[in-house]
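Q: The file below is start-v6.pdb, PDB, C-alpha atoms, pLDDT in the B column:
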```
ATOM      1  CA  MET A  12       0.000   0.000   0.000  1.00 58.00           C
ATOM      2  CA  THR A  13       1.209   3.495  -0.799  1.00 83.00           C
ATOM      3  CA  ALA A  14       1.709   5.916   2.084  1.00 93.00           C
ATOM      4  CA  PRO A  15      -1.043   8.419   2.901  1.00 96.00           C
ATOM      5  CA  LEU A  16      -0.677  11.799   1.217  1.00 97.00           C
ATOM      6  CA  MET A  17      -2.418  13.563   4.101  1.00 97.00           C
ATOM      7  CA  GLN A  18      -3.047  12.477   7.683  1.00 97.00           C
ATOM      8  CA  LEU A  19      -5.044  14.096  10.429  1.00 97.00           C
ATOM      9  CA  GLU A  20      -4.094  12.679  13.816  1.00 97.00           C
ATOM     10  CA  ALA A  21      -6.439  13.165  16.792  1.00 97.00           C
ATOM     11  CA  VAL A  22      -7.553  16.565  15.525  1.00 97.00           C
ATOM     12  CA  SER A  23      -9.868  18.609  17.739  1.00 97.00           C
ATOM     13  CA  ARG A  24     -11.308  22.078  17.252  1.00 97.00           C
ATOM     14  CA  SER A  25     -13.100  24.233  19.792  1.00 95.00           C
ATOM     15  CA  PHE A  26     -15.065  27.430  19.262  1.00 94.00           C
ATOM     16  CA  GLY A  27     -15.351  28.890  22.736  1.00 91.00           C
ATOM     17  CA  ASN A  28     -17.082  26.237  24.829  1.00 91.00           C
ATOM     18  CA  ASN A  29     -18.292  24.356  21.757  1.00 92.00           C
ATOM     19  CA  LEU A  30     -16.195  21.312  20.810  1.00 94.00           C
ATOM     20  CA  ALA A  31     -16.872  21.067  17.072  1.00 95.00           C
ATOM     21  CA  LEU A  32     -14.350  18.245  16.454  1.00 96.00           C
ATOM     22  CA  ASN A  33     -13.199  15.715  19.010  1.00 96.00           C
ATOM     23  CA  GLN A  34     -10.103  13.565  18.367  1.00 96.00           C
ATOM     24  CA  VAL A  35     -10.783  12.879  14.671  1.00 96.00           C
ATOM     25  CA  SER A  36      -8.153  10.968  12.667  1.00 96.00           C
ATOM     26  CA  ILE A  37      -8.292  10.249   8.927  1.00 96.00           C
ATOM     27  CA  ASP A  38      -5.817   9.209   6.234  1.00 97.00           C
ATOM     28  CA  VAL A  39      -6.149  10.243   2.589  1.00 97.00           C
ATOM     29  CA  TYR A  40      -4.336   8.171  -0.036  1.00 97.00           C
ATOM     30  CA  PRO A  41      -3.336   8.985  -3.636  1.00 97.00           C
ATOM     31  CA  GLY A  42      -5.663   7.364  -6.157  1.00 96.00           C
ATOM     32  CA  GLU A  43      -8.438   6.890  -3.609  1.00 97.00           C
ATOM     33  CA  VAL A  44     -11.688   8.610  -2.692  1.00 97.00           C
ATOM     34  CA  HIS A  45     -12.162   9.127   1.046  1.00 97.00           C
ATOM     35  CA  CYS A  46     -15.834   9.824   1.701  1.00 96.00           C
ATOM     36  CA  LEU A  47     -16.654  11.980   4.691  1.00 95.00           C
ATOM     37  CA  LEU A  48     -20.241  11.315   5.710  1.00 93.00           C
ATOM     38  CA  GLY A  49     -22.472  12.932   8.257  1.00 88.00           C
ATOM     39  CA  ASP A  50     -25.611  14.930   8.810  1.00 84.00           C
ATOM     40  CA  ASN A  51     -25.715  18.702   9.252  1.00 82.00           C
ATOM     41  CA  GLY A  52     -23.745  19.714  12.332  1.00 84.00           C
ATOM     42  CA  ALA A  53     -21.658  16.542  12.340  1.00 89.00           C
ATOM     43  CA  GLY A  54     -18.385  18.433  11.974  1.00 91.00           C
ATOM     44  CA  LYS A  55     -17.737  17.926   8.247  1.00 92.00           C
ATOM     45  CA  SER A  56     -17.397  21.635   7.470  1.00 91.00           C
ATOM     46  CA  THR A  57     -15.013  22.211  10.377  1.00 95.00           C
ATOM     47  CA  LEU A  58     -12.857  19.288   9.293  1.00 95.00           C
ATOM     48  CA  ILE A  59     -12.516  20.429   5.690  1.00 93.00           C
ATOM     49  CA  LYS A  60     -11.764  23.986   6.826  1.00 95.00           C
ATOM     50  CA  ILE A  61      -8.846  22.546   8.790  1.00 96.00           C
ATOM     51  CA  MET A  62      -7.695  20.460   5.823  1.00 96.00           C
ATOM     52  CA  SER A  63      -7.861  23.452   3.477  1.00 95.00           C
ATOM     53  CA  GLY A  64      -6.147  25.954   5.784  1.00 95.00           C
ATOM     54  CA  VAL A  65      -9.163  28.119   6.608  1.00 95.00           C
ATOM     55  CA  ILE A  66      -8.819  27.406  10.337  1.00 96.00           C
ATOM     56  CA  THR A  67      -6.214  25.665  12.495  1.00 96.00           C
ATOM     57  CA  PRO A  68      -6.902  22.763  14.867  1.00 96.00           C
ATOM     58  CA  THR A  69      -7.018  23.384  18.597  1.00 96.00           C
ATOM     59  CA  LEU A  70      -5.277  20.051  19.178  1.00 96.00           C
ATOM     60  CA  GLY A  71      -3.834  17.348  16.980  1.00 97.00           C
ATOM     61  CA  THR A  72      -1.368  17.003  14.097  1.00 97.00           C
ATOM     62  CA  ILE A  73      -1.625  17.378  10.333  1.00 97.00           C
ATOM     63  CA  ARG A  74       0.897  15.500   8.194  1.00 97.00           C
ATOM     64  CA  PHE A  75       1.487  15.885   4.483  1.00 96.00           C
ATOM     65  CA  ASN A  76       3.745  13.342   2.798  1.00 94.00           C
ATOM     66  CA  GLY A  77       4.603  12.114   6.278  1.00 94.00           C
ATOM     67  CA  GLU A  78       5.862  15.478   7.543  1.00 96.00           C
ATOM     68  CA  PRO A  79       4.051  17.622  10.158  1.00 97.00           C
ATOM     69  CA  VAL A  80       2.621  20.775   8.587  1.00 96.00           C
ATOM     70  CA  THR A  81       0.772  23.869   9.760  1.00 95.00           C
ATOM     71  CA  PHE A  82      -1.570  25.759   7.461  1.00 95.00           C
ATOM     72  CA  SER A  83      -2.041  29.369   8.504  1.00 92.00           C
ATOM     73  CA  SER A  84      -4.141  30.197   5.426  1.00 94.00           C
ATOM     74  CA  PRO A  85      -5.742  28.563   2.375  1.00 93.00           C
ATOM     75  CA  ARG A  86      -2.728  29.768   0.371  1.00 92.00           C
ATOM     76  CA  ASP A  87      -0.501  27.581   2.565  1.00 94.00           C
ATOM     77  CA  ALA A  88      -2.664  24.555   1.796  1.00 95.00           C
ATOM     78  CA  GLN A  89      -2.659  25.390  -1.916  1.00 92.00           C
ATOM     79  CA  HIS A  90       1.140  25.550  -1.809  1.00 93.00           C
ATOM     80  CA  TYR A  91       1.130  21.876  -0.802  1.00 95.00           C
ATOM     81  CA  GLY A  92      -1.255  21.025  -3.636  1.00 95.00           C
ATOM     82  CA  ILE A  93      -4.558  20.976  -1.750  1.00 96.00           C
ATOM     83  CA  GLY A  94      -7.477  22.220  -3.839  1.00 94.00           C
ATOM     84  CA  THR A  95     -11.027  22.738  -2.591  1.00 92.00           C
ATOM     85  CA  VAL A  96     -14.188  22.795  -4.720  1.00 91.00           C
ATOM     86  CA  HIS A  97     -17.219  24.088  -2.833  1.00 84.00           C
ATOM     87  CA  GLN A  98     -20.852  23.336  -3.562  1.00 75.00           C
ATOM     88  CA  ASP A  99     -21.342  26.750  -5.201  1.00 72.00           C
ATOM     89  CA  VAL A 100     -17.986  26.183  -7.041  1.00 70.00           C
ATOM     90  CA  GLY A 101     -17.099  29.893  -6.811  1.00 70.00           C
ATOM     91  CA  THR A 102     -17.672  30.679 -10.474  1.00 79.00           C
ATOM     92  CA  ILE A 103     -18.801  34.085 -11.714  1.00 83.00           C
ATOM     93  CA  PRO A 104     -21.834  33.672 -14.031  1.00 88.00           C
ATOM     94  CA  LEU A 105     -21.387  36.853 -16.067  1.00 88.00           C
ATOM     95  CA  ILE A 106     -17.823  36.250 -17.265  1.00 89.00           C
ATOM     96  CA  SER A 107     -16.487  33.691 -19.715  1.00 92.00           C
ATOM     97  CA  VAL A 108     -15.441  30.103 -19.164  1.00 92.00           C
ATOM     98  CA  ALA A 109     -11.790  31.037 -19.813  1.00 92.00           C
ATOM     99  CA  ARG A 110     -11.797  34.002 -17.412  1.00 89.00           C
ATOM    100  CA  ASN A 111     -13.421  31.844 -14.713  1.00 91.00           C
ATOM    101  CA  PHE A 112     -10.857  29.120 -15.331  1.00 91.00           C
ATOM    102  CA  PHE A 113      -7.895  31.406 -14.633  1.00 90.00           C
ATOM    103  CA  LEU A 114      -9.413  33.981 -12.207  1.00 81.00           C
ATOM    104  CA  GLY A 115      -6.367  36.156 -11.578  1.00 71.00           C
ATOM    105  CA  ASN A 116      -3.810  33.714 -13.001  1.00 73.00           C
ATOM    106  CA  GLU A 117      -4.394  34.562 -16.646  1.00 70.00           C
ATOM    107  CA  PRO A 118      -1.610  33.918 -19.165  1.00 75.00           C
ATOM    108  CA  THR A 119      -0.165  37.140 -20.554  1.00 72.00           C
ATOM    109  CA  LYS A 120       1.952  38.219 -23.495  1.00 75.00           C
ATOM    110  CA  GLY A 121       4.145  41.229 -24.065  1.00 70.00           C
ATOM    111  CA  TRP A 122       6.531  42.856 -21.612  1.00 73.00           C
ATOM    112  CA  GLY A 123       6.393  45.587 -18.999  1.00 72.00           C
ATOM    113  CA  PRO A 124       3.765  48.250 -19.744  1.00 71.00           C
ATOM    114  CA  PHE A 125       2.833  46.333 -22.895  1.00 68.00           C
ATOM    115  CA  ARG A 126       1.924  43.137 -21.014  1.00 70.00           C
ATOM    116  CA  ARG A 127      -1.653  42.100 -21.720  1.00 71.00           C
ATOM    117  CA  LEU A 128      -3.962  39.120 -21.372  1.00 74.00           C
ATOM    118  CA  ASP A 129      -3.305  36.381 -23.909  1.00 79.00           C
ATOM    119  CA  HIS A 130      -6.932  35.611 -24.776  1.00 86.00           C
ATOM    120  CA  LYS A 131      -6.076  32.995 -27.384  1.00 90.00           C
ATOM    121  CA  THR A 132      -3.914  30.942 -25.018  1.00 91.00           C
ATOM    122  CA  ALA A 133      -6.407  31.297 -22.148  1.00 90.00           C
ATOM    123  CA  ASN A 134      -9.283  30.131 -24.349  1.00 91.00           C
ATOM    124  CA  ARG A 135      -7.316  27.176 -25.718  1.00 93.00           C
ATOM    125  CA  ILE A 136      -6.141  25.930 -22.319  1.00 93.00           C
ATOM    126  CA  ALA A 137      -9.542  26.326 -20.657  1.00 92.00           C
ATOM    127  CA  LEU A 138     -11.309  24.436 -23.423  1.00 93.00           C
ATOM    128  CA  GLU A 139      -8.697  21.663 -23.477  1.00 93.00           C
ATOM    129  CA  GLN A 140      -8.911  21.168 -19.730  1.00 93.00           C
ATOM    130  CA  ILE A 141     -12.714  21.086 -19.659  1.00 90.00           C
ATOM    131  CA  ARG A 142     -12.759  18.580 -22.514  1.00 89.00           C
ATOM    132  CA  SER A 143     -10.257  16.440 -20.622  1.00 88.00           C
ATOM    133  CA  MET A 144     -12.965  16.154 -17.959  1.00 86.00           C
ATOM    134  CA  GLY A 145     -15.330  14.685 -20.546  1.00 84.00           C
ATOM    135  CA  ILE A 146     -17.421  17.842 -21.070  1.00 86.00           C
ATOM    136  CA  ARG A 147     -18.282  18.140 -24.770  1.00 86.00           C
ATOM    137  CA  ARG A 148     -21.252  20.539 -24.808  1.00 88.00           C
ATOM    138  CA  VAL A 149     -19.055  23.558 -24.074  1.00 90.00           C
ATOM    139  CA  THR A 150     -17.345  24.367 -27.376  1.00 90.00           C
ATOM    140  CA  ASP A 151     -16.527  28.065 -26.936  1.00 93.00           C
ATOM    141  CA  ALA A 152     -14.309  29.340 -24.102  1.00 92.00           C
ATOM    142  CA  GLU A 153     -15.978  32.756 -24.477  1.00 92.00           C
ATOM    143  CA  GLN A 154     -19.306  31.232 -23.399  1.00 92.00           C
ATOM    144  CA  LEU A 155     -20.639  32.771 -20.189  1.00 93.00           C
ATOM    145  CA  VAL A 156     -20.436  30.439 -17.216  1.00 92.00           C
ATOM    146  CA  GLY A 157     -24.023  31.356 -16.310  1.00 92.00           C
ATOM    147  CA  THR A 158     -25.189  29.346 -19.325  1.00 92.00           C
ATOM    148  CA  MET A 159     -23.495  26.157 -18.088  1.00 91.00           C
ATOM    149  CA  SER A 160     -25.249  23.398 -16.160  1.00 89.00           C
ATOM    150  CA  GLY A 161     -24.420  22.598 -12.547  1.00 87.00           C
ATOM    151  CA  GLY A 162     -22.399  19.530 -13.522  1.00 87.00           C
ATOM    152  CA  GLU A 163     -20.450  21.505 -16.119  1.00 89.00           C
ATOM    153  CA  ARG A 164     -19.605  24.170 -13.538  1.00 89.00           C
ATOM    154  CA  GLN A 165     -18.330  21.474 -11.197  1.00 88.00           C
ATOM    155  CA  ALA A 166     -16.230  20.126 -14.085  1.00 89.00           C
ATOM    156  CA  LEU A 167     -14.794  23.601 -14.663  1.00 91.00           C
ATOM    157  CA  ALA A 168     -13.893  24.000 -10.987  1.00 90.00           C
ATOM    158  CA  ILE A 169     -12.307  20.532 -10.772  1.00 91.00           C
ATOM    159  CA  ALA A 170     -10.354  21.038 -14.016  1.00 91.00           C
ATOM    160  CA  ARG A 171      -9.122  24.403 -12.720  1.00 90.00           C
ATOM    161  CA  ALA A 172      -7.914  22.947  -9.419  1.00 90.00           C
ATOM    162  CA  LEU A 173      -6.080  20.087 -11.141  1.00 92.00           C
ATOM    163  CA  TYR A 174      -4.518  22.374 -13.757  1.00 91.00           C
ATOM    164  CA  PHE A 175      -3.046  24.545 -11.006  1.00 90.00           C
ATOM    165  CA  GLY A 176      -1.404  21.573  -9.322  1.00 90.00           C
ATOM    166  CA  ALA A 177      -3.884  20.015  -6.896  1.00 94.00           C
ATOM    167  CA  ARG A 178      -2.641  16.660  -5.614  1.00 96.00           C
ATOM    168  CA  LEU A 179      -5.422  16.398  -3.045  1.00 97.00           C
ATOM    169  CA  LEU A 180      -8.886  17.552  -4.044  1.00 97.00           C
ATOM    170  CA  ILE A 181     -11.547  18.324  -1.425  1.00 96.00           C
ATOM    171  CA  LEU A 182     -15.072  18.228  -2.868  1.00 95.00           C
ATOM    172  CA  ASP A 183     -17.647  19.785  -0.564  1.00 93.00           C
ATOM    173  CA  GLU A 184     -21.145  18.433  -1.315  1.00 91.00           C
ATOM    174  CA  PRO A 185     -20.587  18.616  -5.109  1.00 90.00           C
ATOM    175  CA  THR A 186     -23.833  16.771  -5.952  1.00 89.00           C
ATOM    176  CA  ALA A 187     -26.103  18.359  -3.342  1.00 86.00           C
ATOM    177  CA  ALA A 188     -27.917  20.750  -5.693  1.00 80.00           C
ATOM    178  CA  LEU A 189     -27.820  18.558  -8.800  1.00 85.00           C
ATOM    179  CA  GLY A 190     -30.301  16.225 -10.468  1.00 85.00           C
ATOM    180  CA  VAL A 191     -29.632  12.585 -11.306  1.00 88.00           C
ATOM    181  CA  LYS A 192     -28.005  13.220 -14.705  1.00 86.00           C
ATOM    182  CA  GLU A 193     -25.785  16.059 -13.484  1.00 87.00           C
ATOM    183  CA  SER A 194     -24.807  14.090 -10.378  1.00 89.00           C
ATOM    184  CA  LYS A 195     -23.614  11.263 -12.619  1.00 89.00           C
ATOM    185  CA  VAL A 196     -21.412  13.751 -14.485  1.00 88.00           C
ATOM    186  CA  VAL A 197     -19.755  14.750 -11.213  1.00 90.00           C
ATOM    187  CA  ILE A 198     -19.386  11.151  -9.993  1.00 93.00           C
ATOM    188  CA  ASP A 199     -17.686  10.281 -13.304  1.00 91.00           C
ATOM    189  CA  LEU A 200     -15.330  13.266 -12.837  1.00 91.00           C
ATOM    190  CA  ILE A 201     -14.417  12.010  -9.364  1.00 94.00           C
ATOM    191  CA  LYS A 202     -13.666   8.538 -10.755  1.00 94.00           C
ATOM    192  CA  LYS A 203     -11.481  10.015 -13.492  1.00 92.00           C
ATOM    193  CA  ALA A 204      -9.473  12.113 -11.021  1.00 94.00           C
ATOM    194  CA  ARG A 205      -9.010   9.055  -8.802  1.00 95.00           C
ATOM    195  CA  ASP A 206      -7.823   6.983 -11.762  1.00 94.00           C
ATOM    196  CA  ASP A 207      -5.304   9.737 -12.539  1.00 93.00           C
ATOM    197  CA  GLY A 208      -3.779   9.246  -9.077  1.00 95.00           C
ATOM    198  CA  ILE A 209      -5.337  12.247  -7.339  1.00 96.00           C
ATOM    199  CA  ALA A 210      -6.242  11.905  -3.649  1.00 97.00           C
ATOM    200  CA  LEU A 211      -9.847  12.955  -3.076  1.00 97.00           C
ATOM    201  CA  VAL A 212     -11.983  13.809  -0.071  1.00 97.00           C
ATOM    202  CA  PHE A 213     -15.667  13.643  -0.989  1.00 96.00           C
ATOM    203  CA  ILE A 214     -17.950  15.307   1.575  1.00 94.00           C
ATOM    204  CA  THR A 215     -21.576  14.296   1.230  1.00 90.00           C
ATOM    205  CA  HIS A 216     -24.721  13.306   3.083  1.00 85.00           C
ATOM    206  CA  ASN A 217     -25.830  11.168   0.100  1.00 89.00           C
ATOM    207  CA  ALA A 218     -24.939   7.572   0.947  1.00 89.00           C
ATOM    208  CA  THR A 219     -25.770   6.330  -2.569  1.00 90.00           C
ATOM    209  CA  HIS A 220     -23.329   8.732  -4.203  1.00 93.00           C
ATOM    210  CA  ALA A 221     -20.664   7.932  -1.620  1.00 94.00           C
ATOM    211  CA  LEU A 222     -20.973   4.170  -2.040  1.00 93.00           C
ATOM    212  CA  SER A 223     -20.824   4.467  -5.836  1.00 93.00           C
ATOM    213  CA  VAL A 224     -17.352   6.020  -5.793  1.00 95.00           C
ATOM    214  CA  GLY A 225     -15.777   5.754  -2.325  1.00 96.00           C
ATOM    215  CA  ASP A 226     -12.791   3.621  -1.334  1.00 97.00           C
ATOM    216  CA  ARG A 227     -12.598   4.648   2.335  1.00 97.00           C
ATOM    217  CA  PHE A 228     -15.331   6.051   4.533  1.00 96.00           C
ATOM    218  CA  THR A 229     -15.482   8.050   7.741  1.00 95.00           C
ATOM    219  CA  VAL A 230     -18.823   8.810   9.400  1.00 93.00           C
ATOM    220  CA  LEU A 231     -18.913  11.839  11.676  1.00 93.00           C
ATOM    221  CA  ILE A 232     -21.528  12.302  14.383  1.00 91.00           C
ATOM    222  CA  GLN A 233     -21.466  15.289  16.734  1.00 91.00           C
ATOM    223  CA  GLY A 234     -17.829  16.021  15.945  1.00 93.00           C
ATOM    224  CA  ARG A 235     -16.567  12.497  16.549  1.00 94.00           C
ATOM    225  CA  SER A 236     -15.577   9.688  14.232  1.00 93.00           C
ATOM    226  CA  ALA A 237     -18.462   7.230  14.601  1.00 91.00           C
ATOM    227  CA  ALA A 238     -17.199   4.634  12.125  1.00 92.00           C
ATOM    228  CA  LYS A 239     -14.508   3.913   9.549  1.00 94.00           C
ATOM    229  CA  PHE A 240     -14.756   1.255   6.889  1.00 95.00           C
ATOM    230  CA  LEU A 241     -13.601   0.269   3.426  1.00 95.00           C
ATOM    231  CA  ARG A 242     -15.508  -0.226   0.188  1.00 94.00           C
ATOM    232  CA  GLY A 243     -17.735  -3.311   0.391  1.00 92.00           C
ATOM    233  CA  GLU A 244     -17.726  -3.583   4.172  1.00 94.00           C
ATOM    234  CA  LYS A 245     -21.076  -1.874   4.781  1.00 91.00           C
ATOM    235  CA  SER A 246     -24.395  -1.987   2.943  1.00 89.00           C
ATOM    236  CA  ARG A 247     -26.300   1.164   2.061  1.00 88.00           C
ATOM    237  CA  GLU A 248     -28.749   0.437   4.871  1.00 90.00           C
ATOM    238  CA  GLU A 249     -25.921   0.043   7.389  1.00 90.00           C
ATOM    239  CA  VAL A 250     -24.362   3.323   6.247  1.00 89.00           C
ATOM    240  CA  LEU A 251     -27.689   5.141   6.555  1.00 87.00           C
ATOM    241  CA  ASN A 252     -28.128   3.686  10.035  1.00 88.00           C
ATOM    242  CA  LEU A 253     -24.675   4.929  11.041  1.00 86.00           C
ATOM    243  CA  MET A 254     -25.372   8.402   9.677  1.00 82.00           C
ATOM    244  CA  ALA A 255     -28.622   8.474  11.630  1.00 80.00           C
ATOM    245  CA  GLY A 256     -26.726   7.736  14.838  1.00 74.00           C
ATOM    246  CA  GLY A 257     -26.921   3.976  15.165  1.00 61.00           C
ATOM    247  CA  GLU A 258     -23.946   1.817  16.236  1.00 56.00           C
ATOM    248  CA  GLN A 259     -22.016   4.890  17.235  1.00 52.00           C
ATOM    249  CA  PHE A 260     -18.277   4.914  17.804  1.00 46.00           C
ATOM    250  CA  GLU A 261     -17.540   1.306  16.935  1.00 45.00           C
ATOM    251  CA  THR A 262     -14.599   2.325  14.751  1.00 44.00           C
ATOM    252  CA  ALA A 263     -12.552  -0.252  12.901  1.00 43.00           C
ATOM    253  CA  ASP A 264      -8.872   0.412  12.237  1.00 46.00           C
ATOM    254  CA  HIS A 265      -8.063   0.336   8.521  1.00 51.00           C
ATOM    255  CA  GLY A 266      -4.841   2.270   8.417  1.00 49.00           C
ATOM    256  CA  ASP A 267      -6.514   5.524   9.423  1.00 50.00           C
TER     257      ASP A 267
END
```
Once more with this new file: its structure as structure tokens, please.

A:
Amino acid sequence: MTAPLMQLEAVSRSFGNNLALNQVSIDVYPGEVHCLLGDNGAGKSTLIKIMSGVITPTLGTIRFNGEPVTFSSPRDAQHYGIGTVHQDVGTIPLISVARNFFLGNEPTKGWGPFRRLDHKTANRIALEQIRSMGIRRVTDAEQLVGTMSGGERQALAIARALYFGARLLILDEPTAALGVKESKVVIDLIKKARDDGIALVFITHNATHALSVGDRFTVLIQGRSAAKFLRGEKSREEVLNLMAGGEQFETADHGD
């Protein structure tokens, strides 16, 4: 087995007197999807904010490639190759696909005061990267993002994160607002990224989506790790029971 790319060891986070996370440990491996399951208020958002550098843990250790690390900002996490795609994907509807793809990192041409945006290169790269995600309906990089479907916007955000060097991709409820067809698009994107060797954390409350793509699973309840298991070890009904609070805190050790 390859070594984990990222490890959280006994991570806790308090907000005043509220203990949002309590001694949570997870391992994330390259080429695997680690599904983080739990109902609202379970601690999922706090955990991914720690993983992406938005907040720091009160207690516990974060390791990346086996070395202890501290993220003081999302930029620190991005420096290590951690990309985060939120449910709303952070796109701007009234600007083009290419401008959304680069968002401040646009390729330029010229020198000094004559430096200007290289529209042709930006359009070509954006379109190539979106097509590499299997999206064929978008044929013009000048198309406004507001005309794209929810699944296509997720594809754009995932392609952008991977293009800018993400080795670990955190997907926060990417299928929550999507229909069946668009959800399948996103699930297929997750599978493709996994097959390309990317480490993925898939946050969801949809057990069906998680079981269709997950390799490892952690169920959070009230800020604690209620269960850990591997693909094939739990049925959908058992997972739903865990998420609802049954069989709490009977955690198996599978290298996490």

Q: Take the PyMOL selection byres ((chain A and resi 135-150) around 8), apply it to the structure above, and return the hits as an NGL selection string.

A: :A and (108-109 or 112 or 131-134 or 151-152 or 154 or 159 or 163 or 166-167 or 170-171 or 174 or 200 or 203)

Q: Kindly save the residues from that selection, with C-alpha atoms included, as a PDB file, in the coordinates of the input.

A:
```pdb
ATOM      1  CA  VAL A 108     -15.441  30.103 -19.164  1.00 92.00           C
ATOM      2  CA  ALA A 109     -11.790  31.037 -19.813  1.00 92.00           C
ATOM      3  CA  PHE A 112     -10.857  29.120 -15.331  1.00 91.00           C
ATOM      4  CA  LYS A 131      -6.076  32.995 -27.384  1.00 90.00           C
ATOM      5  CA  THR A 132      -3.914  30.942 -25.018  1.00 91.00           C
ATOM      6  CA  ALA A 133      -6.407  31.297 -22.148  1.00 90.00           C
ATOM      7  CA  ASN A 134      -9.283  30.131 -24.349  1.00 91.00           C
ATOM      8  CA  ASP A 151     -16.527  28.065 -26.936  1.00 93.00           C
ATOM      9  CA  ALA A 152     -14.309  29.340 -24.102  1.00 92.00           C
ATOM     10  CA  GLN A 154     -19.306  31.232 -23.399  1.00 92.00           C
ATOM     11  CA  MET A 159     -23.495  26.157 -18.088  1.00 91.00           C
ATOM     12  CA  GLU A 163     -20.450  21.505 -16.119  1.00 89.00           C
ATOM     13  CA  ALA A 166     -16.230  20.126 -14.085  1.00 89.00           C
ATOM     14  CA  LEU A 167     -14.794  23.601 -14.663  1.00 91.00           C
ATOM     15  CA  ALA A 170     -10.354  21.038 -14.016  1.00 91.00           C
ATOM     16  CA  ARG A 171      -9.122  24.403 -12.720  1.00 90.00           C
ATOM     17  CA  TYR A 174      -4.518  22.374 -13.757  1.00 91.00           C
ATOM     18  CA  LEU A 200     -15.330  13.266 -12.837  1.00 91.00           C
ATOM     19  CA  LYS A 203     -11.481  10.015 -13.492  1.00 92.00           C
TER      20      LYS A 203
END
```

Q: Any idea what's packed within 10 Å of A:Glu193, counting only C-alpha atoms, ignoring anything in its chain fewer than 6 positions away? Could you give it as a PyMOL selection string?

A: chain A and resi 160-163+165+186+199

Q: The PyMOL selection byres ((chain A and resi 53) around 6) - which residues does that actually catch in the file I just gave you? List them as a ChimeraX atom specification.

A: /A:49-52,54-55,231-234

Q: Could you tell me which of A:Thr72, A:Leu179, A:Val65, A:Val44 comes closest to A:Ala21 if we count only C-alpha atoms?

A: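 Distance minimum relative to A:Ala21 lands on A:Thr72.
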
Q: Taking the file as shown, find all residues satisfying the PyMOL selection byres ((chain A and resi 104) around 8) and write them as a PyMOL selection string.

A: chain A and resi 102-103+105-107+155-158

Q: Let's have the selection written as a PDB file, in the frame of the given file, with C-alpha atoms.

A:
```
ATOM      1  CA  THR A 102     -17.672  30.679 -10.474  1.00 79.00           C
ATOM      2  CA  ILE A 103     -18.801  34.085 -11.714  1.00 83.00           C
ATOM      3  CA  LEU A 105     -21.387  36.853 -16.067  1.00 88.00           C
ATOM      4  CA  ILE A 106     -17.823  36.250 -17.265  1.00 89.00           C
ATOM      5  CA  SER A 107     -16.487  33.691 -19.715  1.00 92.00           C
ATOM      6  CA  LEU A 155     -20.639  32.771 -20.189  1.00 93.00           C
ATOM      7  CA  VAL A 156     -20.436  30.439 -17.216  1.00 92.00           C
ATOM      8  CA  GLY A 157     -24.023  31.356 -16.310  1.00 92.00           C
ATOM      9  CA  THR A 158     -25.189  29.346 -19.325  1.00 92.00           C
TER      10      THR A 158
END
```

Q: Identify, on the basis of only C-alpha atoms, every residue whose closest approach to stretch 250-256 of chain A does not exceed 10 Å; exclude the query and any residue fewer than 4 positions from it along the same chain; express the result as a PDB file with C-alpha atoms, in the frame of the given file.

A:
```
ATOM      1  CA  LEU A  48     -20.241  11.315   5.710  1.00 93.00           C
ATOM      2  CA  GLY A  49     -22.472  12.932   8.257  1.00 88.00           C
ATOM      3  CA  ASP A  50     -25.611  14.930   8.810  1.00 84.00           C
ATOM      4  CA  ALA A  53     -21.658  16.542  12.340  1.00 89.00           C
ATOM      5  CA  HIS A 216     -24.721  13.306   3.083  1.00 85.00           C
ATOM      6  CA  ASN A 217     -25.830  11.168   0.100  1.00 89.00           C
ATOM      7  CA  ALA A 218     -24.939   7.572   0.947  1.00 89.00           C
ATOM      8  CA  THR A 219     -25.770   6.330  -2.569  1.00 90.00           C
ATOM      9  CA  ALA A 221     -20.664   7.932  -1.620  1.00 94.00           C
ATOM     10  CA  LEU A 222     -20.973   4.170  -2.040  1.00 93.00           C
ATOM     11  CA  PHE A 228     -15.331   6.051   4.533  1.00 96.00           C
ATOM     12  CA  VAL A 230     -18.823   8.810   9.400  1.00 93.00           C
ATOM     13  CA  LEU A 231     -18.913  11.839  11.676  1.00 93.00           C
ATOM     14  CA  ILE A 232     -21.528  12.302  14.383  1.00 91.00           C
ATOM     15  CA  GLN A 233     -21.466  15.289  16.734  1.00 91.00           C
ATOM     16  CA  ALA A 237     -18.462   7.230  14.601  1.00 91.00           C
ATOM     17  CA  ALA A 238     -17.199   4.634  12.125  1.00 92.00           C
ATOM     18  CA  PHE A 240     -14.756   1.255   6.889  1.00 95.00           C
ATOM     19  CA  GLU A 244     -17.726  -3.583   4.172  1.00 94.00           C
ATOM     20  CA  LYS A 245     -21.076  -1.874   4.781  1.00 91.00           C
ATOM     21  CA  SER A 246     -24.395  -1.987   2.943  1.00 89.00           C
ATOM     22  CA  PHE A 260     -18.277   4.914  17.804  1.00 46.00           C
ATOM     23  CA  GLU A 261     -17.540   1.306  16.935  1.00 45.00           C
TER      24      GLU A 261
END
```

Q: Around all of stretch 226-238 of chain A's listed atoms, make the axis-aligned box with 5 Å on each side and tell me centre and edge lengths in Å to one decimal, as lines of an AutoDock Vina configuration file.

A:
```
center_x = -17.1
center_y = 9.8
center_z = 7.7
size_x = 18.9
size_y = 22.4
size_z = 28.1
```

Q: Considering all atoms listed in the file, state which residue in the set A:Gly225, A:Ile198, A:Leu16, A:Asp207 is at the smallest distance from A:Pro79.

A: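 The closest residue to A:Pro79 is A:Leu16.
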
Q: What separation in Å, quoted to one decimal, exists between atom CA of A:Ala210 and atom CA of A:Asn76?

A: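 Straight-line distance from atom CA of A:Ala210 to atom CA of A:Asn76 works out to 12.0 Å.
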
Q: Could you name the residues that touch A:Thr95 at 12 Å or less, counting only C-alpha atoms, but leaving out those on the same chain fewer than 5 positions away, as a PyMOL selection string?

A: chain A and resi 56+59-65+85-86+88-89+100-101+165+168-173+175-185+210-214
